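Chemist: Below is a structure I'd like to ask you about.
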Amino acid sequence: MTTSRPTTELSADEARRIALRAQGFLGMPAAARRAGVRGVLRHLGAVQLDTISVLARSHELVPYARLGAVGRKTVEDAYWKDTHAFEYWSHAACILPIEEWPHFAFRRRAYRDRPHWHHHLPDGAYDQVIKQLRAEGPLTATELGGAKRTSEWWDWSGTKVAVERALMYGEVVCVERRGWKRVYDLAERAVPAELLHDDLDDTECLRRLVRLAGEALGVGTRADIADYHRLKGEQVDAVIADSGLVPVTVAGWGKPAWADPAALQTPPRGRHRTTLLSPFDSLIWERARTERIFGFTHRLEAYVPKPKRVYGYFAMPVLSGGRLVGRVDPAREGRTLVAKQVTLDGPKAVPAVAQALLEAATWVDCTNVRVERVDAPDLREPLTAALSRAVG
């Protein structure tokens with residue numbers, strides 16, 4: 001951008017840089033960096049959880065991508081110690097800043113009003129779960145009496161159904177993940193008293209979440225903003241005029257957009273991060289937006305049959321210089337980070353992909369990197385050479 005005045009017309013490049021800064025990948029302020037993982041969480045407003053763990057779980061990869069090699073225990077402690085966050089349904093199952101508890105009242109009310117559920121709730125199970133948590137303190141579903149009836153992942157026990165229902169209603173909170181199991185506690189005990197209410201009406205909740213989404217995105221279409229916390233398009237339409245976001249046009253987008261006015265006040269500048277990205281990172285979790293901003297098509301193929309995968313089980317896009325320059329499908333074998341499949345956007349991407357691989361290897365305590373397959377065979381030798389030079 002060439003002006004410090006707010007503008008309603010943005011080039012595609014300006015929008016891309018605004019989005020990168022808003023997501024913490026360009027010129028992150030020193031204060032935000034000092035705030036660490038909790039600062040990242042507050043800045044993004046939501047960090048998605050997922051069961052897949054390759055290098056690390058997605059909620060660990062998100063702060064790593066922005067802050068570098070922050071300790072993995074430090075990440076977990078930042079989320080779960082001293083009631084700084086709670087887990088709830090946002091973009092998906094997400095870690096959310098605890099101060100946003102009141103703004104999800106609209107969703108808790110909607111769950112309470114749902115006419116039917118996929119799982120049967122046995123008589124008395126709900127009251128029993130609440131009684132047990134009140135008497136014994138935070139517990140997993142297993143400790144409450146069993147998570148599943150059989151080994152099938154979907155075959156929940158009555159206890160699991162009850163506690164998940166209580167979680168959705170807001171009577172129970174997930175206060176941490178222990179061995180990937182949710183640890184449940186009563187909301188009245190876990191949520192600070194000043195936040196423990198459903199006093200805000202739906203309009204106020206939605207206005208806040210739309211504003212938060214706009215700030216986290218920097219600039220976005222109606223669909224982008226709705227997707228961030230999985231709102232309906234009509235919910236966004238009802239409040240966006242009063243959300244504080246401002247209408248803009250972005251060259252090549254083809255649809256109206258809205259921006260955080262603060263993002264328009266100064267041109268985005270500063271250091272770019274070079275890093276591997278989780279497929280569930282909020283920079284790229286909305287695939288249509290990723291294609292529009294970066295010209296980069298990405299799909300998670302973990303649930304695609306192996307013979308049909310194009311880029312690999314957990315292909316992680318590589319961000320460098322504000323562009324997506326390749327993909328790496330990683331694995332770990334002992335203390336070796338294995339790049340099972342690498343896709344490079346030409347020879348210029350080689351140094352960036354090598355740098356991203358080496359930093360990730362250090363973070364997960366691997367001492368070397370092995371490259372198995374490179375989609376462009378002529379780039380295999382340059383990549384292995386770049387990795388060797390860096391190690392040497």
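So you can find residues: chains in the structure tokens are A, B, ... in the order shown, residues in each start at 1, and ligands are numbered from 1 in order.
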Please identify the helix (DSSP H, G or I) residues within segment 132-275 of chain A (assignment by DSSP from backbone atoms) and present them as a PyMOL selection string.
Modeler: chain A and resi 132-136+141-144+158-169+187-190+202-217+222-228+233-242+261-264
Chemist: Give me the residues near segment 263-268 of chain A as a VMD selection string, where near means some atom within 12 Å (using only C-alpha atoms) and where sequence neighbours in that chain fewer than 4 positions away do not count.
Modeler: chain A and resid 1 to 10 13 to 29 214 to 220 245 to 248 258 to 259 272 322
Chemist: Could you check how far atom CA of Ile130 of chain A sits from atom CA of Leu186 of chain A, in Å to one decimal?
Modeler: 7.4 Å
Chemist: May I have a table of the residues of segment 295-314 of chain A lying at most 10 Å from segment 45-64 of chain A, giving each one's closest pair of atoms and their distance in Å to one decimal, counting only C-alpha atoms, ordered by chain and ascending residue number, as a Markdown table?
Modeler:
```
| residue | atom | partner | partner_atom | distance |
| --- | --- | --- | --- | --- |
| A:Ala302 | CA | A:Ile52 | CA | 8.7 |
| A:Tyr313 | CA | A:Val54 | CA | 9.6 |
| A:Phe314 | CA | A:Val54 | CA | 7.6 |
```
Chemist: Please save all heavy atoms of the selected residues as a PDB file, in the first residue's frame.
Modeler:
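Listing of out.pdb after writing:
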```
ATOM      1  N   ALA A 302      -5.649 -36.988   4.215  1.00  0.00           N
ATOM      2  CA  ALA A 302      -5.518 -38.030   5.235  1.00  0.00           C
ATOM      3  C   ALA A 302      -6.636 -39.065   5.135  1.00  0.00           C
ATOM      4  O   ALA A 302      -6.435 -40.236   5.455  1.00  0.00           O
ATOM      5  CB  ALA A 302      -5.514 -37.396   6.627  1.00  0.00           C
ATOM      6  N   TYR A 313      -0.333 -37.966   2.850  1.00  0.00           N
ATOM      7  CA  TYR A 313      -1.261 -38.132   3.971  1.00  0.00           C
ATOM      8  C   TYR A 313      -1.546 -36.819   4.690  1.00  0.00           C
ATOM      9  O   TYR A 313      -2.689 -36.462   4.955  1.00  0.00           O
ATOM     10  CB  TYR A 313      -0.664 -39.149   4.946  1.00  0.00           C
ATOM     11  CG  TYR A 313      -1.430 -39.324   6.230  1.00  0.00           C
ATOM     12  CD1 TYR A 313      -2.605 -40.066   6.257  1.00  0.00           C
ATOM     13  CD2 TYR A 313      -0.970 -38.772   7.422  1.00  0.00           C
ATOM     14  CE1 TYR A 313      -3.326 -40.242   7.441  1.00  0.00           C
ATOM     15  CE2 TYR A 313      -1.672 -38.932   8.612  1.00  0.00           C
ATOM     16  CZ  TYR A 313      -2.848 -39.671   8.611  1.00  0.00           C
ATOM     17  OH  TYR A 313      -3.545 -39.827   9.782  1.00  0.00           O
ATOM     18  N   PHE A 314      -0.515 -36.074   5.040  1.00  0.00           N
ATOM     19  CA  PHE A 314      -0.662 -34.845   5.830  1.00  0.00           C
ATOM     20  C   PHE A 314       0.207 -33.754   5.210  1.00  0.00           C
ATOM     21  O   PHE A 314       1.068 -33.180   5.866  1.00  0.00           O
ATOM     22  CB  PHE A 314      -0.276 -35.093   7.289  1.00  0.00           C
ATOM     23  CG  PHE A 314      -0.732 -34.021   8.252  1.00  0.00           C
ATOM     24  CD1 PHE A 314      -2.067 -33.911   8.603  1.00  0.00           C
ATOM     25  CD2 PHE A 314       0.172 -33.134   8.816  1.00  0.00           C
ATOM     26  CE1 PHE A 314      -2.496 -32.934   9.502  1.00  0.00           C
ATOM     27  CE2 PHE A 314      -0.238 -32.163   9.725  1.00  0.00           C
ATOM     28  CZ  PHE A 314      -1.580 -32.063  10.067  1.00  0.00           C
TER      29      PHE A 314
END
```
Chemist: Between A:Lys131, A:Ala213, A:Trp156, A:Arg373, single out the one closest to Asp185 of chain A, counting only C-alpha atoms.
Modeler: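 Residue with the minimum atom-to-atom distance to Asp185 of chain A: A:Lys131.
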Chemist: Leaving out Gly137 of chain A and any residue of its chain fewer than 5 positions from it, which residues lie within 12 Å of it when counting only C-alpha atoms, given as a list in words?
Modeler: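 Once the nearby chain positions are removed, what remains is Val129, Ile130, Lys131, Gln132, Glu143, Leu144, Val172, Val173, Val175, Val183, Tyr184, Asp185, Leu186, Ala187, Glu188, Arg189 and Ala190 of chain A.
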Chemist: Could the residues in this selection be written to a file with C-alpha atoms, as a PDB file, in the first residue's frame?
Modeler:
```
ATOM      1  CA  VAL A 129     -22.480 -36.901  35.140  1.00  0.00           C
ATOM      2  CA  ILE A 130     -23.156 -33.490  36.687  1.00  0.00           C
ATOM      3  CA  LYS A 131     -23.368 -35.022  40.159  1.00  0.00           C
ATOM      4  CA  GLN A 132     -20.098 -36.913  39.721  1.00  0.00           C
ATOM      5  CA  GLU A 143     -13.092 -41.734  34.566  1.00  0.00           C
ATOM      6  CA  LEU A 144     -16.771 -40.807  34.527  1.00  0.00           C
ATOM      7  CA  VAL A 172     -19.673 -28.494  31.457  1.00  0.00           C
ATOM      8  CA  VAL A 173     -16.361 -27.237  30.049  1.00  0.00           C
ATOM      9  CA  VAL A 175     -10.547 -27.634  30.709  1.00  0.00           C
ATOM     10  CA  VAL A 183     -11.001 -33.425  30.718  1.00  0.00           C
ATOM     11  CA  TYR A 184     -14.391 -32.110  31.800  1.00  0.00           C
ATOM     12  CA  ASP A 185     -15.329 -29.844  34.690  1.00  0.00           C
ATOM     13  CA  LEU A 186     -18.386 -27.876  35.690  1.00  0.00           C
ATOM     14  CA  ALA A 187     -18.545 -24.484  34.014  1.00  0.00           C
ATOM     15  CA  GLU A 188     -19.468 -22.891  37.348  1.00  0.00           C
ATOM     16  CA  ARG A 189     -16.073 -23.973  38.673  1.00  0.00           C
ATOM     17  CA  ALA A 190     -13.938 -23.536  35.539  1.00  0.00           C
TER      18      ALA A 190
END
```
Chemist: As an NGL selection string, please: every residue in segment 216-256 of chain A that DSSP puts in strand (DSSP E or B).
Modeler: :A and (219-221 or 246-250)
Chemist: Just N, CA, C and O atoms for this one: save the residues we selected as a PDB file, in the first residue's frame.
Modeler:
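Contents of the output file part-v2.pdb:
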```pdb
ATOM      1  N   VAL A 219      -8.902  -8.989   5.965  1.00  0.00           N
ATOM      2  CA  VAL A 219      -9.874  -8.678   4.925  1.00  0.00           C
ATOM      3  C   VAL A 219     -10.475  -9.992   4.451  1.00  0.00           C
ATOM      4  O   VAL A 219      -9.773 -11.002   4.346  1.00  0.00           O
ATOM      5  N   GLY A 220     -11.788  -9.990   4.212  1.00  0.00           N
ATOM      6  CA  GLY A 220     -12.420 -11.235   3.792  1.00  0.00           C
ATOM      7  C   GLY A 220     -13.770 -11.000   3.158  1.00  0.00           C
ATOM      8  O   GLY A 220     -14.409  -9.960   3.384  1.00  0.00           O
ATOM      9  N   THR A 221     -14.206 -11.967   2.382  1.00  0.00           N
ATOM     10  CA  THR A 221     -15.552 -11.944   1.824  1.00  0.00           C
ATOM     11  C   THR A 221     -16.548 -12.374   2.891  1.00  0.00           C
ATOM     12  O   THR A 221     -16.179 -12.834   3.977  1.00  0.00           O
ATOM     13  N   VAL A 246     -15.318  -2.539   7.668  1.00  0.00           N
ATOM     14  CA  VAL A 246     -15.643  -1.575   6.617  1.00  0.00           C
ATOM     15  C   VAL A 246     -15.652  -2.274   5.260  1.00  0.00           C
ATOM     16  O   VAL A 246     -14.840  -3.173   5.012  1.00  0.00           O
ATOM     17  N   PRO A 247     -16.566  -1.882   4.371  1.00  0.00           N
ATOM     18  CA  PRO A 247     -16.625  -2.507   3.047  1.00  0.00           C
ATOM     19  C   PRO A 247     -15.448  -2.089   2.181  1.00  0.00           C
ATOM     20  O   PRO A 247     -15.037  -0.929   2.199  1.00  0.00           O
ATOM     21  N   VAL A 248     -14.895  -3.059   1.464  1.00  0.00           N
ATOM     22  CA  VAL A 248     -13.792  -2.795   0.535  1.00  0.00           C
ATOM     23  C   VAL A 248     -14.025  -3.620  -0.732  1.00  0.00           C
ATOM     24  O   VAL A 248     -14.828  -4.550  -0.735  1.00  0.00           O
ATOM     25  N   THR A 249     -13.318  -3.267  -1.781  1.00  0.00           N
ATOM     26  CA  THR A 249     -13.269  -4.113  -2.962  1.00  0.00           C
ATOM     27  C   THR A 249     -11.831  -4.567  -3.152  1.00  0.00           C
ATOM     28  O   THR A 249     -10.897  -3.802  -2.899  1.00  0.00           O
ATOM     29  N   VAL A 250     -11.664  -5.803  -3.569  1.00  0.00           N
ATOM     30  CA  VAL A 250     -10.335  -6.352  -3.807  1.00  0.00           C
ATOM     31  C   VAL A 250     -10.261  -6.795  -5.265  1.00  0.00           C
ATOM     32  O   VAL A 250     -11.117  -7.556  -5.733  1.00  0.00           O
TER      33      VAL A 250
END
```
Chemist: Record the distance separating atom CA of Asp82 of chain A and atom CA of Gly145 of chain A, expressed in Å with one decimal.
Modeler: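 Separating atom CA of Asp82 of chain A from atom CA of Gly145 of chain A is a distance of 26.9 Å.
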Chemist: Need to verify the contact set: Leu200 of chain A, 10 Å, only C-alpha atoms, exclusion of same-chain residues closer than 6 positions in sequence. Can you return it as an NGL selection string?
Modeler: :A and (102-106 or 206)
Chemist: Next, write the just-selected residues to a file, as a CSV table (one decimal), in the first residue's frame, keeping C-alpha atoms as the atom set.
Modeler:
```
chain,number,residue,atom,x,y,z
A,102,PRO,CA,-20.1,-15.0,26.8
A,103,HIS,CA,-20.1,-14.6,23.0
A,104,PHE,CA,-20.8,-18.3,22.3
A,105,ALA,CA,-24.1,-18.1,24.3
A,106,PHE,CA,-26.0,-18.0,20.9
A,206,LEU,CA,-22.8,-12.6,16.3
```
Chemist: Need the shell around Tyr228 of chain A: protein/DNA/RNA residues with any atom at most 8 Å away, counting only C-alpha atoms. Skip same-chain ones fewer than 3 positions apart. Format as JSON, numbers by chain?
Modeler: {"A": [90, 91, 213, 224, 225, 231, 282]}
Chemist: Export, as a short mmCIF file (atom, residue, chain, number, x, y, z; two decimals), in the first residue's frame, the selected residues with N, CA and C atoms.
Modeler:
```cif
data_model
loop_
_atom_site.label_atom_id
_atom_site.label_comp_id
_atom_site.auth_asym_id
_atom_site.auth_seq_id
_atom_site.Cartn_x
_atom_site.Cartn_y
_atom_site.Cartn_z
N SER A 90 -16.37 -23.97 17.22
CA SER A 90 -16.23 -22.69 16.52
C SER A 90 -16.10 -23.03 15.04
N HIS A 91 -14.90 -22.84 14.46
CA HIS A 91 -14.67 -23.28 13.08
C HIS A 91 -14.83 -24.80 13.00
N ALA A 213 -13.67 -12.24 13.56
CA ALA A 213 -13.27 -12.91 12.33
C ALA A 213 -12.63 -11.92 11.37
N ASP A 224 -15.80 -15.91 3.73
CA ASP A 224 -14.62 -16.04 4.57
C ASP A 224 -14.97 -15.75 6.03
N ILE A 225 -15.68 -14.66 6.23
CA ILE A 225 -16.02 -14.22 7.59
C ILE A 225 -16.96 -15.22 8.25
N LEU A 231 -20.43 -19.54 11.06
CA LEU A 231 -21.72 -18.87 11.13
C LEU A 231 -22.46 -19.09 9.82
N SER A 282 -5.44 -21.45 10.51
CA SER A 282 -6.48 -20.52 10.08
C SER A 282 -6.07 -19.65 8.90
#
```
Chemist: Which one of A:Ala262, A:Leu139, A:Ala162, A:Leu67 sits closest to Arg178 of chain A if you count only C-alpha atoms?
Modeler: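 Between A:Ala262, A:Leu139, A:Ala162, A:Leu67, the residue approaching Arg178 of chain A most closely is A:Leu139.
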Chemist: For a quick check of understanding, using only C-alpha atoms, which of A:Arg292, A:Lys232, A:Arg370, A:Arg287 has the smallest distance to Leu387 of chain A?
Modeler: A:Arg370
Chemist: Using Å and a single decimal, report how far atom CA of Lys348 of chain A sits from atom CA of Ala315 of chain A.
Modeler: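 Interatomic distance here is 19.7 Å.
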Chemist: Fewer than 2 positions away in the same chain doesn't count, so skip those; otherwise give me all residues within 6 Å of Val318 of chain A, counting only C-alpha atoms, as a list in words.
Modeler: Thr275, Leu276, Leu324, Val325, Gly326 and Arg327 of chain A
Chemist: Let me make sure I understand: among A:Glu204, A:Glu333, A:Asp227, A:Asp113, which one has the smallest atom-to-atom distance to Val239 of chain A if we use only C-alpha atoms?
Modeler: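 Going through A:Glu204, A:Glu333, A:Asp227, A:Asp113 one by one, the smallest distance to Val239 of chain A is for A:Glu204.
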Chemist: Taking only C-alpha atoms into account, name the residue in A:Ala349, A:Leu300, A:Ala69, A:Ala125 that is nearest to Ser320 of chain A.
Modeler: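 Of A:Ala349, A:Leu300, A:Ala69, A:Ala125, the one nearest Ser320 of chain A is A:Ala349, counting only C-alpha atoms.
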Chemist: When you look at Pro279 of chain A with a cut-off of 7 Å (counting only C-alpha atoms), what residues show up, excluding the ones that are within fewer than 4 positions of it in the same chain? I need them as a PDB file with N, CA, C and O atoms, in the first residue's frame.
Modeler:
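Final file, result-v2.pdb:
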```
ATOM      1  N   ILE A 284      -5.053 -20.901   6.172  1.00  0.00           N
ATOM      2  CA  ILE A 284      -5.376 -21.672   4.961  1.00  0.00           C
ATOM      3  C   ILE A 284      -6.529 -22.647   5.147  1.00  0.00           C
ATOM      4  O   ILE A 284      -6.805 -23.443   4.258  1.00  0.00           O
ATOM      5  N   TRP A 285      -7.227 -22.615   6.290  1.00  0.00           N
ATOM      6  CA  TRP A 285      -8.219 -23.656   6.538  1.00  0.00           C
ATOM      7  C   TRP A 285      -9.422 -23.532   5.606  1.00  0.00           C
ATOM      8  O   TRP A 285     -10.154 -24.498   5.411  1.00  0.00           O
ATOM      9  N   LEU A 300      -6.650 -31.616   2.250  1.00  0.00           N
ATOM     10  CA  LEU A 300      -6.164 -32.625   3.186  1.00  0.00           C
ATOM     11  C   LEU A 300      -6.514 -33.999   2.635  1.00  0.00           C
ATOM     12  O   LEU A 300      -7.675 -34.272   2.324  1.00  0.00           O
ATOM     13  N   MET A 316       1.830 -30.581   4.247  1.00  0.00           N
ATOM     14  CA  MET A 316       1.877 -29.287   4.912  1.00  0.00           C
ATOM     15  C   MET A 316       2.389 -28.244   3.922  1.00  0.00           C
ATOM     16  O   MET A 316       3.523 -28.349   3.437  1.00  0.00           O
TER      17      MET A 316
END
```
